[in-house]
Structures are given as C-alpha cells and as structure tokens.
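Below is input.txt, holding compact mmCIF, C-alpha atoms and all ligand atoms.
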```txt
# COMPACT_ATOMS: atom_id res chain seq x y z
CA MET H 1 22.99 -75.01 125.62
CA ILE H 2 20.21 -76.68 127.59
CA LYS H 3 18.45 -79.61 125.98
CA PRO H 4 14.69 -78.89 125.98
CA LYS H 5 12.74 -81.28 128.21
CA LYS H 6 9.77 -82.85 126.48
CA SER H 7 8.24 -83.86 129.81
CA LEU H 8 7.95 -80.18 130.76
CA GLY H 9 6.51 -79.17 127.40
CA GLN H 10 9.49 -77.04 126.57
CA ASN H 11 8.79 -75.38 123.23
CA PHE H 12 10.39 -71.98 123.36
CA LEU H 13 8.91 -69.06 121.44
CA ILE H 14 11.37 -67.66 118.92
CA ASP H 15 9.09 -65.61 116.66
CA HIS H 16 9.62 -61.95 117.46
CA ASN H 17 6.35 -60.81 115.93
CA VAL H 18 4.46 -63.24 118.14
CA LEU H 19 6.42 -62.22 121.24
CA LYS H 20 5.66 -58.59 120.46
CA THR H 21 1.97 -59.34 119.96
CA ILE H 22 1.84 -61.08 123.34
CA VAL H 23 3.25 -58.18 125.35
CA GLU H 24 1.14 -55.69 123.45
CA CYS H 25 -2.12 -57.31 124.56
CA ILE H 26 -2.14 -55.08 127.61
CA ASP H 27 -0.13 -52.18 129.03
CA VAL H 28 2.12 -53.45 131.83
CA ARG H 29 3.93 -50.19 132.59
CA ASN H 30 4.13 -49.77 136.38
CA LYS H 31 2.15 -52.97 136.92
CA THR H 32 3.09 -56.20 138.66
CA VAL H 33 3.53 -59.01 136.16
CA LEU H 34 3.50 -62.76 136.76
CA GLU H 35 5.00 -64.93 134.04
CA ILE H 36 4.44 -68.65 134.23
CA GLY H 37 6.90 -71.02 132.59
CA PRO H 38 9.42 -68.38 131.46
CA GLY H 39 11.82 -71.01 130.11
CA THR H 40 14.91 -69.26 128.78
CA GLY H 41 13.36 -65.82 129.16
CA ASN H 42 12.34 -65.06 125.57
CA LEU H 43 9.05 -63.49 126.63
CA THR H 44 10.53 -62.13 129.87
CA ASN H 45 12.83 -59.88 127.82
CA TYR H 46 9.87 -58.35 126.03
CA ILE H 47 7.98 -57.86 129.28
CA LEU H 48 10.94 -56.08 130.91
CA GLU H 49 11.23 -53.68 127.96
CA LYS H 50 7.75 -52.40 128.82
CA ASN H 51 8.86 -51.15 132.24
CA PRO H 52 6.65 -53.08 134.64
CA LYS H 53 6.93 -52.28 138.35
CA LYS H 54 7.77 -55.86 139.35
CA VAL H 55 8.10 -59.18 137.58
CA PHE H 56 7.57 -62.58 139.23
CA VAL H 57 8.22 -65.77 137.29
CA ILE H 58 7.25 -69.32 138.23
CA GLU H 59 9.47 -71.96 136.61
CA LYS H 60 9.32 -75.64 137.50
CA ASP H 61 12.60 -76.66 135.86
CA ASN H 62 15.42 -76.27 138.46
CA GLU H 63 18.10 -75.85 135.85
CA LEU H 64 16.23 -73.11 133.98
CA ALA H 65 15.26 -71.39 137.24
CA GLU H 66 18.95 -71.15 138.23
CA LYS H 67 19.86 -69.76 134.83
CA LEU H 68 17.11 -67.16 135.06
CA LYS H 69 18.35 -66.03 138.49
CA LEU H 70 21.84 -65.53 137.09
CA LYS H 71 20.67 -63.89 133.90
CA TYR H 72 18.27 -61.37 135.42
CA SER H 73 19.61 -61.03 138.97
CA ASN H 74 17.38 -58.57 140.84
CA LEU H 75 15.30 -57.56 137.80
CA ILE H 76 12.86 -60.42 138.41
CA ASN H 77 11.77 -62.67 141.30
CA VAL H 78 12.23 -66.30 140.33
CA ILE H 79 9.96 -68.81 142.05
CA ASN H 80 11.27 -72.29 141.38
CA ASN H 81 8.09 -74.32 141.77
CA ASP H 82 5.20 -76.00 139.99
CA VAL H 83 2.55 -73.39 139.22
CA LEU H 84 -0.10 -75.89 140.30
CA ASN H 85 1.29 -75.69 143.88
CA ILE H 86 1.13 -71.92 144.15
CA ASP H 87 -1.55 -70.03 146.02
CA GLU H 88 -1.73 -66.86 143.95
CA ASN H 89 -4.34 -65.29 146.19
CA SER H 90 -1.78 -64.81 148.96
CA LEU H 91 1.30 -64.08 146.87
CA PHE H 92 0.57 -60.54 145.73
CA ASP H 93 -0.48 -57.34 147.41
CA GLU H 94 -1.97 -55.90 144.22
CA LYS H 95 -3.65 -57.16 141.07
CA VAL H 96 -1.25 -58.70 138.60
CA ILE H 97 -1.10 -59.26 134.86
CA VAL H 98 -0.37 -62.88 134.00
CA PHE H 99 1.45 -64.19 130.94
CA GLY H 100 2.00 -67.84 130.21
CA ASN H 101 3.22 -69.98 127.40
CA LEU H 102 2.88 -73.23 129.31
CA PRO H 103 2.59 -76.88 128.37
CA TYR H 104 -0.91 -77.24 126.96
CA ASN H 105 -2.25 -79.65 129.56
CA ILE H 106 -1.07 -77.32 132.32
CA SER H 107 -2.72 -74.29 130.70
CA THR H 108 -6.13 -75.94 130.86
CA GLU H 109 -5.59 -77.29 134.37
CA ILE H 110 -4.37 -73.99 135.76
CA LEU H 111 -7.21 -72.07 134.12
CA SER H 112 -9.76 -74.43 135.69
CA LYS H 113 -8.06 -74.07 139.07
CA TRP H 114 -8.04 -70.29 138.88
CA ILE H 115 -11.68 -70.10 137.86
CA ALA H 116 -12.67 -72.34 140.76
CA ASN H 117 -10.60 -70.33 143.25
CA ILE H 118 -11.64 -66.83 142.27
CA GLY H 119 -13.56 -65.35 145.15
CA SER H 120 -15.44 -62.06 145.03
CA ASP H 121 -12.15 -60.32 144.39
CA PHE H 122 -9.91 -61.22 141.46
CA TRP H 123 -6.16 -61.42 142.13
CA PHE H 124 -5.41 -60.67 138.49
CA GLU H 125 -6.24 -57.90 136.07
CA ALA H 126 -5.81 -60.01 132.94
CA LEU H 127 -4.53 -63.39 131.76
CA VAL H 128 -2.65 -63.85 128.49
CA LEU H 129 -2.31 -67.57 127.91
CA MET H 130 -1.30 -69.94 125.14
CA PHE H 131 -3.35 -73.05 124.35
CA GLN H 132 -3.50 -75.78 121.82
CA LYS H 133 -5.61 -74.26 119.04
CA GLU H 134 -8.45 -76.78 119.35
CA VAL H 135 -8.69 -76.21 123.09
CA ALA H 136 -8.68 -72.42 122.62
CA ASN H 137 -11.52 -72.79 120.12
CA ARG H 138 -13.50 -74.78 122.67
CA ILE H 139 -12.87 -72.26 125.43
CA ALA H 140 -13.95 -69.35 123.23
CA ALA H 141 -16.93 -71.10 121.56
CA ASN H 142 -20.48 -69.76 121.51
CA PHE H 143 -23.48 -71.97 122.13
CA ASN H 144 -25.10 -73.71 119.14
CA THR H 145 -21.66 -74.40 117.65
CA SER H 146 -19.83 -77.71 117.53
CA ASN H 147 -16.91 -76.50 119.68
CA TYR H 148 -19.19 -75.42 122.52
CA GLY H 149 -18.91 -77.54 125.65
CA ARG H 150 -17.91 -77.75 129.30
CA LEU H 151 -14.80 -75.63 128.90
CA SER H 152 -16.73 -72.81 127.22
CA VAL H 153 -19.31 -72.77 130.01
CA LEU H 154 -16.76 -72.93 132.83
CA ALA H 155 -14.40 -70.31 131.38
CA ASN H 156 -17.19 -67.90 130.47
CA TRP H 157 -18.57 -67.98 133.98
CA LYS H 158 -16.11 -65.49 135.46
CA LEU H 159 -14.04 -64.40 132.48
CA LYS H 160 -14.44 -62.39 129.33
CA ILE H 161 -12.55 -64.22 126.58
CA ASN H 162 -10.85 -62.84 123.47
CA LYS H 163 -8.87 -64.77 120.93
CA ILE H 164 -5.79 -62.80 119.89
CA ILE H 165 -3.97 -64.92 117.26
CA ASP H 166 -3.33 -68.42 116.00
CA ILE H 167 0.34 -69.41 116.06
CA LYS H 168 2.08 -71.88 113.78
CA PRO H 169 4.52 -74.54 115.02
CA SER H 170 7.38 -72.76 113.23
CA SER H 171 7.19 -69.93 115.81
CA PHE H 172 8.59 -72.31 118.44
CA LYS H 173 11.81 -74.19 118.96
CA PRO H 174 11.63 -77.15 119.08
CA LYS H 175 8.52 -77.14 116.89
CA PRO H 176 5.41 -78.62 118.52
CA LYS H 177 3.23 -80.94 116.41
CA ILE H 178 0.14 -78.77 116.78
CA ASP H 179 -1.08 -75.24 116.16
CA SER H 180 -1.48 -72.88 119.11
CA SER H 181 -3.71 -69.92 119.93
CA LEU H 182 -3.29 -67.04 122.30
CA LEU H 183 -6.26 -66.13 124.48
CA PHE H 184 -6.77 -62.96 126.49
CA PHE H 185 -9.01 -63.09 129.57
CA THR H 186 -10.34 -60.31 131.77
CA PRO H 187 -12.48 -60.67 134.88
CA LYS H 188 -16.24 -60.22 134.62
CA LYS H 189 -17.51 -57.77 137.18
CA ASN H 190 -20.88 -59.44 137.48
CA PHE H 191 -20.92 -63.17 137.29
CA TYR H 192 -23.50 -65.66 138.52
CA LYS H 193 -22.98 -66.23 142.21
CA ILE H 194 -22.85 -70.01 142.16
CA LYS H 195 -21.71 -70.94 145.67
CA ASP H 196 -19.65 -73.98 144.85
CA SER H 197 -17.95 -74.29 141.47
CA LYS H 198 -18.21 -78.08 141.88
CA ASN H 199 -21.93 -77.80 141.21
CA LEU H 200 -21.36 -76.15 137.84
CA GLU H 201 -18.65 -78.69 137.09
CA LYS H 202 -21.04 -81.51 137.93
CA ILE H 203 -23.92 -80.17 135.86
CA THR H 204 -21.80 -79.51 132.80
CA ARG H 205 -20.13 -82.90 133.13
CA ILE H 206 -23.46 -84.71 133.23
CA PHE H 207 -25.07 -82.63 130.48
CA PHE H 208 -22.14 -82.81 128.07
CA ASN H 209 -21.48 -86.47 128.76
CA ASN H 210 -23.61 -87.29 125.74
CA ARG H 211 -23.26 -84.39 123.36
CA ARG H 212 -25.48 -85.82 120.64
CA LYS H 213 -28.38 -86.89 122.82
CA MET H 214 -31.27 -84.79 124.02
CA ILE H 215 -31.00 -83.38 127.52
CA LYS H 216 -33.89 -85.37 128.98
CA LYS H 217 -31.72 -87.89 130.78
CA PRO H 218 -29.15 -85.52 132.30
CA TYR H 219 -31.87 -83.04 133.27
CA ASN H 220 -33.82 -85.72 135.11
CA GLN H 221 -30.67 -87.04 136.72
CA ILE H 222 -29.87 -83.61 138.17
CA PHE H 223 -33.40 -82.58 139.12
CA ASN H 224 -34.92 -85.96 139.97
CA GLY H 225 -37.65 -85.58 137.38
CA ASP H 226 -38.78 -82.19 138.75
CA LEU H 227 -39.84 -80.33 135.57
CA ARG H 228 -40.46 -76.90 137.15
CA PHE H 229 -37.25 -75.36 135.89
CA LEU H 230 -37.91 -75.98 132.20
CA GLU H 231 -40.40 -73.16 131.84
CA LYS H 232 -38.51 -70.85 134.15
CA LEU H 233 -35.33 -71.23 132.10
CA LYS H 234 -37.15 -71.37 128.75
CA ILE H 235 -35.74 -74.72 127.73
CA ASN H 236 -37.23 -78.06 126.74
CA LEU H 237 -36.07 -81.64 126.97
CA ASN H 238 -35.69 -82.06 123.21
CA LEU H 239 -32.72 -79.70 123.12
CA ARG H 240 -29.17 -80.96 123.01
CA PRO H 241 -26.47 -79.81 125.43
CA GLN H 242 -24.90 -77.39 122.97
CA ASN H 243 -28.24 -75.58 122.49
CA LEU H 244 -28.24 -74.24 126.06
CA SER H 245 -26.49 -70.90 126.52
CA CYS H 246 -23.84 -70.38 129.19
CA GLU H 247 -26.37 -68.34 131.21
CA THR H 248 -28.78 -71.25 131.16
CA TYR H 249 -26.12 -73.50 132.68
CA TYR H 250 -25.37 -70.93 135.41
CA LYS H 251 -29.07 -70.69 136.19
CA LEU H 252 -29.36 -74.48 136.29
CA ALA H 253 -26.49 -74.53 138.77
CA GLU H 254 -28.19 -71.88 140.91
CA GLU H 255 -31.46 -73.84 140.95
CA TYR H 256 -29.59 -77.03 141.76
CA GLU H 257 -27.88 -75.31 144.69
CA LYS H 258 -31.19 -74.05 146.02
CA LEU H 259 -32.50 -77.61 145.98
CA THR H 260 -29.49 -79.20 147.58
CA SER H 261 -28.55 -76.58 150.20
N1 LIG T 1 7.54 -69.03 127.97
C1 LIG T 1 8.75 -69.57 127.39
C2 LIG T 1 8.90 -71.07 127.61
C3 LIG T 1 7.80 -71.93 127.07
S1 LIG T 1 8.09 -73.65 127.33
C4 LIG T 1 8.78 -69.24 125.92
O1 LIG T 1 7.74 -68.92 125.37
O2 LIG T 1 9.84 -69.32 125.31
C5 LIG T 1 7.14 -73.99 128.77
C6 LIG T 1 7.83 -73.63 130.05
O3 LIG T 1 6.99 -73.98 131.16
C7 LIG T 1 9.14 -74.39 130.27
O4 LIG T 1 10.12 -73.51 130.69
C8 LIG T 1 8.79 -75.41 131.36
O5 LIG T 1 9.90 -75.79 132.15
C9 LIG T 1 7.76 -74.64 132.16
N2 LIG T 1 6.83 -75.48 132.94
C10 LIG T 1 6.30 -76.68 132.58
N3 LIG T 1 5.44 -77.13 133.49
C11 LIG T 1 5.39 -76.17 134.48
C12 LIG T 1 4.70 -76.09 135.72
N4 LIG T 1 3.84 -77.03 136.10
N5 LIG T 1 4.91 -75.00 136.49
C13 LIG T 1 5.77 -74.02 136.08
N6 LIG T 1 6.47 -74.07 134.94
C14 LIG T 1 6.29 -75.13 134.13
```
Before we go any further, please render this structure as structure tokens.
Amino acid sequence: MIKPKKSLGQNFLIDHNVLKTIVECIDVRNKTVLEIGPGTGNLTNYILEKNPKKVFVIEKDNELAEKLKLKYSNLINVINNDVLNIDENSLFDEKVIVFGNLPYNISTEILSKWIANIGSDFWFEALVLMFQKEVANRIAANFNTSNYGRLSVLANWKLKINKIIDIKPSSFKPKPKIDSSLLFFTPKKNFYKIKDSKNLEKITRIFFNNRRKMIKKPYNQIFNGDLRFLEKLKINLNLRPQNLSCETYYKLAEEYEKLTS
C-alpha cells in the first residue's frame, strides 16, 4: 500500500458511479486520451474499458508512475512529469480528450495556462476536469451573479463550459475537506481574437480588483479617461464589474489592444 501524499493532493476517487459518470461525458472509442494525475489508476481503468486508440498519462509522483508502468505495461504511455512542464501542443499528432482529477490548485493553474496557450487550433477536443466546488461555480458563473468574476471571463473566452455533477468528499479516499464539481469544456469555434491573453488578464484583474465599487476607476485606469468606448460597448461608469458580460470584457480587451499596439 502506498501512503497518499498530501503535498500532491492525493485524494483517490473510489465511487464507481462517479467514475462511470466521468468517462461517460464523452465517447473516447478510437480516440487519443490524456489523463492527468492518474494516481493509482482508478479512472484509467474506466477509460481503458471504453476502447480508446491510445492513452497517455502524466503523473508527477515517481513512485506512482513506476507502479502504473508495471500495472498497465504497454496499454498506456506513462509520462513521469509535472503537468505544468508539459507542452501539450507538440506532444500529440491529433486532437485528444483530456481527463483530470488533479489537486485543486493545479486544476485552476493548468486551465489558465491552456487557455492562454491555445492558438487558432485547439490541441484538445474536450476537457473533463475536477475542481473545488466553489471554484467550479465561479468558472461556470453568468454575469450579474455573485460568483461571476475573472475566472468566468477568462474561461468563457475560448471554452464552452458545462457543469456535470457535484461530488461529495465521501467519493474519495482519503476524504478531502471540501466538495468537488466536475466540469466539461469544449472549444469555441469563434472566440474573440484578442492578440495577447495578458491584456484580458490585466483588464479583468483591474476591473475585479474592487468587486463592490463602480467601474469608474478601473475604466479610467485602463483607458486614461478616454470615454469613447462607453457608448460603443453600451456600458456606463455606474455599473459594477459583475454587471459587464463576458463579451463586454473581450471587447474592452480588443479596444485596449488597438490603443496600445
Ligand atoms: N485521478 C486519480 C488520482 C487523483 S489524486 C483518481 O481520481 O483516483 C491527484 C493525482 O495527481 C495524484 O496521483 C498526484 O500525484 C497527481 N499530481 C499532483 N500534482 C501533479 C502535477 N503537477 N502534475 C501531474 N500529476 C500531479
């Protein structure tokens, strides 16, 4: 028996209904699958039952990676590395389906990295990822709601987001202290062509810095007091950050890029 490592967020999924729900989000038959943080292989087993063409797994824990190699031999390709170091764009020769029950901080970090790095062509067909429930609610939030914020705007830019299920701590071993949610993401064919994702990151950071205050200050900070874009984007300075739709933020980023390029 391996002792689960807290530092690597090792909470293994043991609930068979949940595991089944995860692999049934999308048909993987004859597809290339990437699983991130496979752990002891609980989800990997379910994936393999669905007859994918190839399975790659990325596992940071050396001990678990060795065990996976022995357990599955040539059924899967084990990459013993930190997912944050991997350049997915060059790893695959076709679009992949990604599954991940990762430590929660890594889920958010990797999602942000992927969104920033997506070029005109997506390297994945879908992402099925686990998050802390509160974070999932923020990612999937609509504007004019209290959960709406930076994460919602950034994630919605290039991805269509669906919440699949909430998952209780008792579905994992050891039990985490928090509830989880599974999100399903697919690429958006047409997304706003913001040239540098850093500009959208900057605008959302400045606007959502003070969630309760009106947007006058952040707007003027970004546009140096130039009020031309208010009418064009049908907004006014008395609104609060959560009252602006995702599209409005993408348009603000586009206008900002025009000014600064
Ligand atoms: N998916 C498995 C394991 C979940 S636990 C299951 O549901 O049972 C999270 C897994 O992610 C652990 O195996 C842990 O070692 C791995 N992990 C943690 N940080 C990682 C990182 N940065 N890159 C790759 N794997 C990571």
>> Neighbouring residues of ligand LIG 1 (chain T) are defined here as those with any atom at most 6 Å from a ligand atom, counting all atoms listed in the file; list them as a list in words.
In response: Leu8, Gly9, Gln10, Asn11, Phe12, Leu13, Ile36, Gly37, Pro38, Gly39, Asn42, Leu43, Ile58, Glu59, Lys60, Asp61, Asp82, Val83, Leu84, Asn101, Leu102 and Pro103 of chain H
Restricting the output to C-alpha atoms, write the selected residues as a compact mmCIF listing (two decimals), in the frame of the given file.
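Saved the output as result.txt:
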```txt
# COMPACT_ATOMS: atom_id res chain seq x y z
CA LEU H 8 7.95 -80.18 130.76
CA GLY H 9 6.51 -79.17 127.40
CA GLN H 10 9.49 -77.04 126.57
CA ASN H 11 8.79 -75.38 123.23
CA PHE H 12 10.39 -71.98 123.36
CA LEU H 13 8.91 -69.06 121.44
CA ILE H 36 4.44 -68.65 134.23
CA GLY H 37 6.90 -71.02 132.59
CA PRO H 38 9.42 -68.38 131.46
CA GLY H 39 11.82 -71.01 130.11
CA ASN H 42 12.34 -65.06 125.57
CA LEU H 43 9.05 -63.49 126.63
CA ILE H 58 7.25 -69.32 138.23
CA GLU H 59 9.47 -71.96 136.61
CA LYS H 60 9.32 -75.64 137.50
CA ASP H 61 12.60 -76.66 135.86
CA ASP H 82 5.20 -76.00 139.99
CA VAL H 83 2.55 -73.39 139.22
CA LEU H 84 -0.10 -75.89 140.30
CA ASN H 101 3.22 -69.98 127.40
CA LEU H 102 2.88 -73.23 129.31
CA PRO H 103 2.59 -76.88 128.37
```
> Any idea what's packed within 12 Å of Arg138 (chain H), counting only C-alpha atoms, ignoring anything in its chain fewer than 4 positions away? Could you give it as a ChimeraX atom specification?
Replying inline: /H:108,131-134,142-143,145-156,161,163,181,183,242
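Closest approach to Lys31 (chain H) among H:Glu201, H:Glu125, H:Glu49, H:Asp179 is made by H:Glu125 (distances from all atoms listed in the file).
The shortest atom-to-atom distance to Phe99 (chain H), with all atoms listed in the file taken into account, belongs to H:Glu35 out of H:Glu35, H:Lys69, H:Thr260, H:Phe223.
The smallest atom-to-atom distance between Ser120 (chain H) and any of H:Lys54, H:Lys193, H:Arg240, H:Lys168, using all atoms listed in the file, is found for H:Lys193.
Within 9 Å of Glu94 (chain H), once all atoms listed in the file are used and residues closer than 3 positions along the same chain are dropped, the contacting residues are H:Lys31, H:Thr32, H:Trp123, H:Phe124.
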